[in-house]
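**Q** Please find protein-v2.txt (compact mmCIF, C-alpha atoms) on the next line:
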```txt
# COMPACT_ATOMS: atom_id res chain seq x y z
CA MET A 1 -9.33 17.49 -14.93
CA PRO A 2 -9.05 13.84 -16.00
CA THR A 3 -8.83 13.13 -19.71
CA PRO A 4 -12.26 12.38 -21.20
CA ARG A 5 -12.59 8.68 -21.96
CA THR A 6 -14.34 7.35 -25.01
CA SER A 7 -14.69 3.91 -26.56
CA ARG A 8 -12.69 5.15 -29.58
CA ARG A 9 -14.46 2.72 -31.85
CA GLY A 10 -12.85 2.61 -35.26
CA ARG A 11 -14.66 2.64 -38.56
CA HIS A 12 -14.67 -1.18 -38.66
CA GLY A 13 -16.11 -1.63 -35.16
CA VAL A 14 -12.71 -2.30 -33.54
CA THR A 15 -12.10 -0.38 -30.33
CA ILE A 16 -8.94 0.76 -28.59
CA ASP A 17 -9.78 -1.81 -25.89
CA ASP A 18 -9.72 -4.57 -28.54
CA VAL A 19 -6.23 -3.49 -29.55
CA ALA A 20 -5.10 -3.34 -25.92
CA ARG A 21 -6.34 -6.87 -25.22
CA SER A 22 -4.75 -8.30 -28.35
CA ALA A 23 -1.43 -6.57 -27.70
CA GLY A 24 -1.44 -7.46 -24.00
CA VAL A 25 -0.99 -3.85 -22.88
CA SER A 26 -3.08 -1.14 -21.25
CA ARG A 27 -5.52 1.18 -23.00
CA GLN A 28 -3.28 4.13 -22.12
CA THR A 29 -0.26 2.44 -23.74
CA VAL A 30 -2.22 1.91 -26.96
CA SER A 31 -3.30 5.56 -26.90
CA ARG A 32 0.29 6.72 -26.53
CA ALA A 33 1.49 4.45 -29.33
CA ILE A 34 -1.19 5.57 -31.78
CA ASN A 35 -0.70 9.26 -30.92
CA ASP A 36 3.12 8.93 -31.06
CA LYS A 37 3.54 10.15 -27.50
CA PRO A 38 6.66 9.71 -25.34
CA GLU A 39 7.22 7.27 -22.46
CA ILE A 40 6.70 4.14 -24.51
CA ASP A 41 9.28 1.63 -25.65
CA PRO A 42 9.84 1.80 -29.45
CA ASP A 43 9.49 -1.98 -29.84
CA THR A 44 6.23 -1.89 -27.90
CA ARG A 45 4.95 0.97 -30.07
CA ALA A 46 5.79 -0.98 -33.23
CA ARG A 47 4.04 -4.11 -31.93
CA ILE A 48 0.90 -2.16 -30.98
CA LEU A 49 0.72 -0.44 -34.37
CA GLU A 50 1.08 -3.81 -36.07
CA VAL A 51 -1.76 -5.26 -33.98
CA ALA A 52 -3.93 -2.21 -34.72
CA HIS A 53 -3.25 -2.59 -38.45
CA THR A 54 -4.02 -6.32 -38.36
CA LEU A 55 -7.32 -5.73 -36.55
CA GLY A 56 -8.24 -2.89 -38.86
CA TYR A 57 -8.41 -0.32 -36.10
CA ARG A 58 -8.79 3.27 -37.28
CA PRO A 59 -8.92 5.98 -34.58
CA ASN A 60 -11.96 8.22 -34.59
CA ARG A 61 -10.52 11.66 -35.35
CA HIS A 62 -13.29 13.44 -33.47
CA ALA A 63 -12.65 11.34 -30.35
CA ARG A 64 -8.91 12.00 -30.65
CA GLY A 65 -9.56 15.70 -30.84
CA MET A 66 -11.76 15.61 -27.75
CA ALA A 67 -9.13 13.71 -25.79
CA GLY A 68 -6.82 16.71 -25.83
CA PRO A 69 -3.19 16.51 -24.70
CA ALA A 70 -2.03 13.08 -23.55
CA THR A 71 -1.39 14.13 -19.97
CA THR A 72 -1.38 11.12 -17.67
CA THR A 73 -3.72 11.40 -14.71
CA LEU A 74 -2.68 9.03 -11.94
CA GLY A 75 -5.26 7.96 -9.38
CA LEU A 76 -3.90 7.30 -5.88
CA VAL A 77 -6.19 5.37 -3.51
CA VAL A 78 -5.37 5.38 0.22
CA ALA A 79 -7.23 3.86 3.13
CA ASP A 80 -7.47 6.89 5.41
CA VAL A 81 -6.17 10.41 4.79
CA LEU A 82 -6.34 11.07 8.55
CA ASN A 83 -3.83 8.30 9.26
CA PRO A 84 -0.40 10.01 9.45
CA PHE A 85 1.21 7.11 7.57
CA PHE A 86 -0.35 8.08 4.25
CA PRO A 87 0.67 11.75 3.72
CA GLU A 88 4.31 10.75 3.19
CA VAL A 89 3.26 8.08 0.68
CA VAL A 90 1.18 10.72 -1.11
CA ALA A 91 4.17 13.09 -1.09
CA GLY A 92 6.38 10.42 -2.68
CA VAL A 93 3.81 9.72 -5.39
CA MET A 94 3.34 13.41 -6.15
CA GLU A 95 7.08 14.08 -6.33
CA ALA A 96 7.71 11.23 -8.77
CA ALA A 97 4.59 12.03 -10.81
CA ASP A 98 5.51 15.71 -11.07
CA GLU A 99 8.92 14.78 -12.45
CA ARG A 100 7.09 13.06 -15.31
CA GLY A 101 4.56 15.84 -15.87
CA TRP A 102 1.69 13.72 -14.57
CA GLN A 103 -1.35 14.84 -12.60
CA VAL A 104 -2.36 13.04 -9.39
CA ALA A 105 -5.91 12.61 -8.06
CA VAL A 106 -6.09 11.31 -4.47
CA TYR A 107 -9.03 9.20 -3.26
CA SER A 108 -9.69 7.90 0.27
CA THR A 109 -11.74 4.79 1.03
CA GLY A 110 -11.99 5.50 4.77
CA SER A 111 -11.08 1.81 5.29
CA ALA A 112 -14.70 0.94 4.38
CA LEU A 113 -15.22 -1.83 1.81
CA GLU A 114 -18.45 -0.31 0.44
CA ARG A 115 -16.72 3.01 -0.17
CA GLU A 116 -13.76 1.16 -1.69
CA GLN A 117 -16.12 -0.26 -4.31
CA ARG A 118 -17.40 3.23 -5.16
CA VAL A 119 -13.88 4.66 -5.31
CA ALA A 120 -12.79 1.82 -7.60
CA ALA A 121 -15.64 2.61 -10.00
CA THR A 122 -14.77 6.32 -9.99
CA VAL A 123 -11.06 5.70 -10.50
CA ALA A 124 -11.70 3.24 -13.31
CA ASP A 125 -13.61 5.85 -15.29
CA HIS A 126 -11.55 8.97 -14.66
CA VAL A 127 -7.82 8.19 -14.55
CA ASP A 128 -5.20 6.75 -16.87
CA ALA A 129 -3.38 4.66 -14.26
CA CYS A 130 -3.95 3.71 -10.64
CA VAL A 131 -1.86 3.18 -7.51
CA GLY A 132 -3.83 1.90 -4.57
CA TYR A 133 -4.29 0.34 -1.17
CA PHE A 134 -7.10 -2.07 -1.99
CA PHE A 135 -8.45 -4.86 0.22
CA ALA A 136 -11.52 -6.04 -1.74
CA GLU A 137 -10.63 -8.28 -4.68
CA SER A 138 -13.80 -7.11 -6.46
CA ALA A 139 -12.53 -3.51 -6.30
CA ILE A 140 -9.21 -4.57 -7.79
CA GLU A 141 -10.99 -6.41 -10.60
CA ARG A 142 -13.15 -3.35 -11.26
CA VAL A 143 -10.04 -1.29 -11.93
CA ARG A 144 -8.26 -4.05 -13.83
CA GLY A 145 -11.27 -4.48 -16.08
CA THR A 146 -10.61 -1.10 -17.69
CA GLY A 147 -7.12 -2.16 -18.79
CA ILE A 148 -5.42 0.84 -17.18
CA PRO A 149 -2.01 0.27 -15.51
CA LEU A 150 -2.51 -0.79 -11.89
CA VAL A 151 0.01 -0.93 -9.03
CA LEU A 152 -1.07 -2.41 -5.69
CA LEU A 153 0.45 -1.23 -2.43
CA ASP A 154 0.99 -3.55 0.56
CA HIS A 155 -1.16 -6.28 -1.01
CA ASP A 156 -0.37 -9.94 -0.40
CA THR A 157 -1.53 -11.30 -3.75
CA ARG A 158 -0.90 -9.64 -7.09
CA PRO A 159 -2.90 -10.27 -10.27
CA PRO A 160 -1.05 -10.85 -13.54
CA ALA A 161 0.05 -7.67 -15.36
CA ALA A 162 -0.32 -5.54 -12.21
CA GLY A 163 2.60 -3.89 -10.45
CA GLY A 164 3.19 -4.14 -6.74
CA VAL A 165 5.08 -2.47 -3.91
CA ARG A 166 5.21 -4.45 -0.67
CA ILE A 167 6.75 -3.76 2.72
CA ASP A 168 8.75 -6.72 4.01
CA PHE A 169 7.17 -6.95 7.44
CA GLU A 170 8.66 -10.41 8.03
CA SER A 171 12.13 -8.89 8.01
CA GLY A 172 10.91 -6.03 10.20
CA MET A 173 9.20 -8.34 12.68
CA ARG A 174 12.37 -10.41 12.96
CA GLN A 175 14.31 -7.27 13.83
CA ALA A 176 11.77 -6.17 16.44
CA LEU A 177 11.34 -9.53 18.18
CA GLY A 178 15.06 -10.23 18.00
CA HIS A 179 15.72 -6.95 19.78
CA LEU A 180 13.14 -7.72 22.50
CA MET A 181 14.38 -11.27 23.01
CA ALA A 182 17.98 -10.05 23.28
CA ALA A 183 16.81 -7.67 26.03
CA GLY A 184 15.41 -10.63 27.97
CA HIS A 185 11.68 -10.28 27.23
CA ARG A 186 9.74 -13.56 27.30
CA ARG A 187 6.17 -12.29 27.62
CA VAL A 188 5.41 -10.11 24.60
CA VAL A 189 1.90 -9.05 23.59
CA MET A 190 0.96 -7.83 20.13
CA LEU A 191 -1.78 -5.22 19.83
CA ASP A 192 -3.17 -5.97 16.36
CA ASP A 193 -5.47 -3.95 14.11
CA ARG A 194 -8.78 -5.79 14.51
CA ALA A 195 -9.96 -4.54 11.11
CA ARG A 196 -7.35 -6.67 9.35
CA GLY A 197 -9.12 -9.97 10.07
CA ASP A 198 -8.14 -13.02 12.05
CA GLY A 199 -4.57 -13.35 10.81
CA ALA A 200 -5.29 -16.38 8.61
CA ASP A 201 -3.18 -14.84 5.86
CA PRO A 202 0.40 -16.04 6.56
CA HIS A 203 1.74 -12.64 5.50
CA SER A 204 -0.35 -10.65 7.99
CA ARG A 205 1.55 -8.97 10.81
CA ARG A 206 -0.37 -11.06 13.33
CA ALA A 207 0.55 -14.36 11.65
CA LEU A 208 4.17 -13.26 11.31
CA PHE A 209 4.31 -12.30 14.98
CA LEU A 210 2.96 -15.68 16.11
CA ALA A 211 5.25 -17.65 13.79
CA LEU A 212 8.37 -15.74 14.78
CA ALA A 213 7.48 -15.82 18.48
CA ALA A 214 7.28 -19.62 18.21
CA GLU A 215 10.71 -19.62 16.57
CA HIS A 216 12.02 -17.77 19.62
CA GLY A 217 10.52 -20.39 21.92
CA LEU A 218 7.51 -18.40 23.10
CA ASP A 219 4.34 -20.46 23.41
CA ALA A 220 0.85 -18.97 22.99
CA GLY A 221 0.82 -17.91 26.62
CA GLY A 222 4.00 -15.93 26.13
CA ALA A 223 2.92 -14.25 22.91
CA PRO A 224 -0.81 -13.43 22.97
CA VAL A 225 -2.49 -11.17 20.41
CA VAL A 226 -5.05 -8.53 21.45
CA PRO A 227 -7.15 -7.06 18.57
CA VAL A 228 -7.79 -3.31 18.96
CA ALA A 229 -9.10 -0.35 16.99
CA ASN A 230 -6.52 1.19 14.69
CA SER A 231 -6.05 4.41 16.67
CA VAL A 232 -4.29 5.94 19.67
CA GLN A 233 -7.43 5.29 21.74
CA GLY A 234 -7.50 1.72 20.50
CA GLY A 235 -3.97 1.25 21.78
CA ALA A 236 -4.91 2.70 25.16
CA ASP A 237 -7.93 0.41 25.47
CA GLY A 238 -5.78 -2.51 24.41
CA MET A 239 -3.25 -1.75 27.14
CA ASP A 240 -6.02 -1.89 29.71
CA ARG A 241 -6.84 -5.39 28.47
CA VAL A 242 -3.18 -6.41 28.54
CA LEU A 243 -2.85 -5.37 32.18
CA ALA A 244 -6.09 -7.14 33.14
CA GLU A 245 -5.80 -10.30 31.05
CA HIS A 246 -2.06 -10.83 30.62
CA PRO A 247 -0.31 -9.95 33.88
CA GLY A 248 3.44 -10.19 33.76
CA THR A 249 3.69 -8.80 30.21
CA THR A 250 7.09 -7.15 29.81
CA ALA A 251 6.85 -5.88 26.20
CA VAL A 252 4.14 -4.70 23.79
CA LEU A 253 4.45 -4.69 20.01
CA GLY A 254 1.97 -2.42 18.25
CA TYR A 255 0.54 -3.10 14.80
CA ASN A 256 1.61 0.47 14.07
CA ASP A 257 2.93 3.54 15.87
CA LEU A 258 -0.55 4.94 16.57
CA ILE A 259 -1.52 1.86 18.54
CA ALA A 260 1.87 1.61 20.27
CA VAL A 261 1.77 5.28 21.33
CA GLY A 262 -1.73 4.87 22.79
CA ALA A 263 -0.65 1.79 24.72
CA MET A 264 2.49 3.44 26.06
CA ARG A 265 0.63 6.57 27.18
CA ARG A 266 -1.89 4.45 29.06
CA ALA A 267 0.89 2.45 30.73
CA LEU A 268 2.60 5.64 31.88
CA ARG A 269 -0.66 7.07 33.22
CA ARG A 270 -1.20 3.90 35.21
CA GLY A 271 2.17 4.30 36.86
CA LEU A 272 4.29 1.82 34.91
CA ASP A 273 7.93 2.57 34.18
CA VAL A 274 8.83 2.48 30.48
CA PRO A 275 10.84 0.49 29.59
CA GLY A 276 11.60 -0.84 33.09
CA ASP A 277 8.19 -2.45 33.69
CA CYS A 278 7.11 -2.73 30.06
CA ALA A 279 8.85 -1.98 26.77
CA PHE A 280 7.05 -0.72 23.65
CA VAL A 281 7.78 -1.10 19.93
CA GLY A 282 5.74 0.37 17.11
CA CYS A 283 5.78 0.10 13.34
CA ASP A 284 5.79 2.68 10.50
CA GLY A 285 8.26 5.27 11.80
CA LEU A 286 5.86 8.19 12.30
CA MET A 287 7.19 11.49 13.62
CA LEU A 288 4.65 11.10 16.42
CA GLY A 289 6.85 8.44 18.00
CA GLU A 290 9.84 10.76 18.18
CA LEU A 291 7.81 13.30 20.16
CA MET A 292 6.86 10.86 22.92
CA ASP A 293 8.58 10.76 26.31
CA PRO A 294 10.26 8.32 26.17
CA PRO A 295 10.65 8.30 22.37
CA LEU A 296 9.16 5.22 20.71
CA THR A 297 11.29 2.39 19.29
CA THR A 298 9.83 1.60 15.87
CA LEU A 299 10.19 -0.24 12.59
CA HIS A 300 10.75 2.70 10.26
CA VAL A 301 9.26 2.45 6.78
CA ASP A 302 10.51 4.86 4.11
CA LYS A 303 7.06 5.97 3.06
CA ARG A 304 8.22 8.41 0.40
CA GLN A 305 10.18 5.58 -1.17
CA VAL A 306 6.99 3.50 -1.25
CA GLY A 307 5.25 6.27 -3.22
CA ARG A 308 8.14 6.84 -5.60
CA ALA A 309 8.56 3.10 -6.24
CA ALA A 310 4.86 2.86 -7.12
CA VAL A 311 5.15 5.61 -9.74
CA GLU A 312 8.23 3.93 -11.21
CA GLN A 313 6.17 0.77 -11.65
CA VAL A 314 3.33 2.73 -13.28
CA ALA A 315 5.83 4.28 -15.69
CA ALA A 316 7.09 0.83 -16.65
CA LEU A 317 3.52 -0.36 -17.31
CA VAL A 318 2.72 2.74 -19.37
CA GLN A 319 5.81 2.05 -21.47
CA GLY A 320 4.64 -1.50 -22.04
CA ARG A 321 7.40 -3.14 -19.99
CA GLY A 322 6.41 -6.21 -18.02
CA PRO A 323 5.75 -8.49 -16.29
CA LEU A 324 7.12 -6.50 -13.39
CA ALA A 325 8.99 -7.86 -10.41
CA GLU A 326 7.42 -6.80 -7.13
CA ARG A 327 9.26 -3.93 -5.44
CA VAL A 328 10.03 -4.74 -1.80
CA ILE A 329 10.73 -2.09 0.85
CA VAL A 330 12.56 -3.34 3.97
CA PRO A 331 11.77 -1.58 7.29
CA ARG A 332 14.62 -0.49 9.54
CA LEU A 333 14.52 -0.91 13.32
CA VAL A 334 15.07 2.45 15.01
CA ILE A 335 15.95 1.84 18.66
CA ARG A 336 14.95 4.58 21.10
CA GLU A 337 14.30 4.76 24.80
CA SER A 338 10.96 2.88 24.92
CA ALA A 339 12.58 -0.54 24.35
```
For the file at hand, write its structure as structure tokens.
**A**
Amino acid sequence: MPTPRTSRRGRHGVTIDDVARSAGVSRQTVSRAINDKPEIDPDTRARILEVAHTLGYRPNRHARGMAGPATTTLGLVVADVLNPFFPEVVAGVMEAADERGWQVAVYSTGSALEREQRVAATVADHVDACVGYFFAESAIERVRGTGIPLVLLDHDTRPPAAGGVRIDFESGMRQALGHLMAAGHRRVVMLDDRARGDGADPHSRRALFLALAAEHGLDAGGAPVVPVANSVQGGADGMDRVLAEHPGTTAVLGYNDLIAVGAMRRALRRGLDVPGDCAFVGCDGLMLGELMDPPLTTLHVDKRQVGRAAVEQVAALVQGRGPLAERVIVPRLVIRESA
């Protein structure tokens, strides 16, 4: 069960949140310093205690007694527990958290912004730190407003004092397109996740694909983007569109492995030779791709490493170390028989 949260208002009206703001640290870090708990830098502890003394903060003994043991409860927010990308991230978070004696509570937003807002409110009130895939800035601010340590996953912009773990898809896209160009492909279609917007963000996979395709000398006609649902069926439907709207396509790059697998299955069912008539490349490195016939070429992301790196950043924030440099995970191109 998450640790009960109270305002911990001292006898002079000063709260633990006042101390946290003045010291420039999280509420949890102040709690650990005042209760002489581990996992906090000694210099940070001394600075917090000095700020608390200056402000006249005196912990409410009854509230301290109710709080119980200072076990850190880490909230992990993912977009979709049914997406096979996320279980390995969850496993990495749980492994690293368990090594520190932390509890983990997993929340799913279902990729819906309204639910993301509700999850953010729940997380903000019931955990001591948060790692999350958030898309709505208002949800991020809701969590940040509590002062708890926050680490954002795969997010293009990072607020001050928040940690971040990002996958370097630019490097990955360069590997994938470079491989396809070297194999002689000049008409490459990207099947993009339509839920991720219009690609205006220069860091989106769609924008990276278009920019790098232009670098390779492919004009818009040689590198079209087809938005699809983020699913195997979405990839299959997208392949139907590719065959109807972009004849002569010789390679398809999927936003992820789910989409690429759906597209490749549909191509095979329609009698195309893979990779002779059309090559396929996915992204994420799911086991699903290995089971295909032919096996899927993919940009493999070490998903457990993503989870472990996120917990390492939370630990640094809990200890009062910061500002943190963003942790970057570089995908690795795994070449198989599909391309």
**Q** Tell me, in Å to one decimal, how far atom CA of A:Asp293 is from atom CA of A:Pro275.
**A**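 Distance reported for this atom pair: 11.0 Å.
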**Q** Record the distance separating atom CA of A:Ala20 and atom CA of A:Ala96, expressed in Å with one decimal.
**A**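 Taking atom CA of A:Ala20 as the start and atom CA of A:Ala96 as the end point, the length is 25.9 Å.
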**Q** Using all atoms listed in the file, find the one residue out of A:Ala120, A:Leu253, A:Ala136, A:Leu153 that sits nearest to A:Val311.
**A**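 Of the candidates, the smallest distance to A:Val311 is held by A:Leu153.
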**Q** For each of A:Leu191, A:Met94, A:Val77, A:Ala23, take the minimum atom-to-atom distance to A:Ala139, counting all atoms listed in the file, then give the residue where this is smallest.
**A**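 Checking each of A:Leu191, A:Met94, A:Val77, A:Ala23 against A:Ala139, counting all atoms listed in the file, the winner is A:Val77.
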**Q** Quick one: distance from atom CA of A:Ala33 to atom CA of A:Gly320 in Å, one decimal?
**A**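 The value is 9.9 Å.
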**Q** List every residue of stretch 144-192 of chain A that has an atom at most 6 Å from any atom of stretch 326-334 of chain A, giving for each one its closest atom pair and the distance in Å to one decimal, counting only C-alpha atoms, sorted by chain and then by ascending residue number, as JSON lines.
**A**
```
{"residue": "A:Gly164", "atom": "CA", "partner": "A:Glu326", "partner_atom": "CA", "distance": 5.0}
{"residue": "A:Val165", "atom": "CA", "partner": "A:Arg327", "partner_atom": "CA", "distance": 4.7}
{"residue": "A:Arg166", "atom": "CA", "partner": "A:Val328", "partner_atom": "CA", "distance": 5.0}
{"residue": "A:Ile167", "atom": "CA", "partner": "A:Ile329", "partner_atom": "CA", "distance": 4.7}
{"residue": "A:Asp168", "atom": "CA", "partner": "A:Val330", "partner_atom": "CA", "distance": 5.1}
{"residue": "A:Gly172", "atom": "CA", "partner": "A:Pro331", "partner_atom": "CA", "distance": 5.4}
```
**Q** Which is closer to A:Ala236 than all the others in A:Leu286, A:Leu296, A:Ala183, A:Ala263, using all atoms listed in the file?
**A** A:Ala263
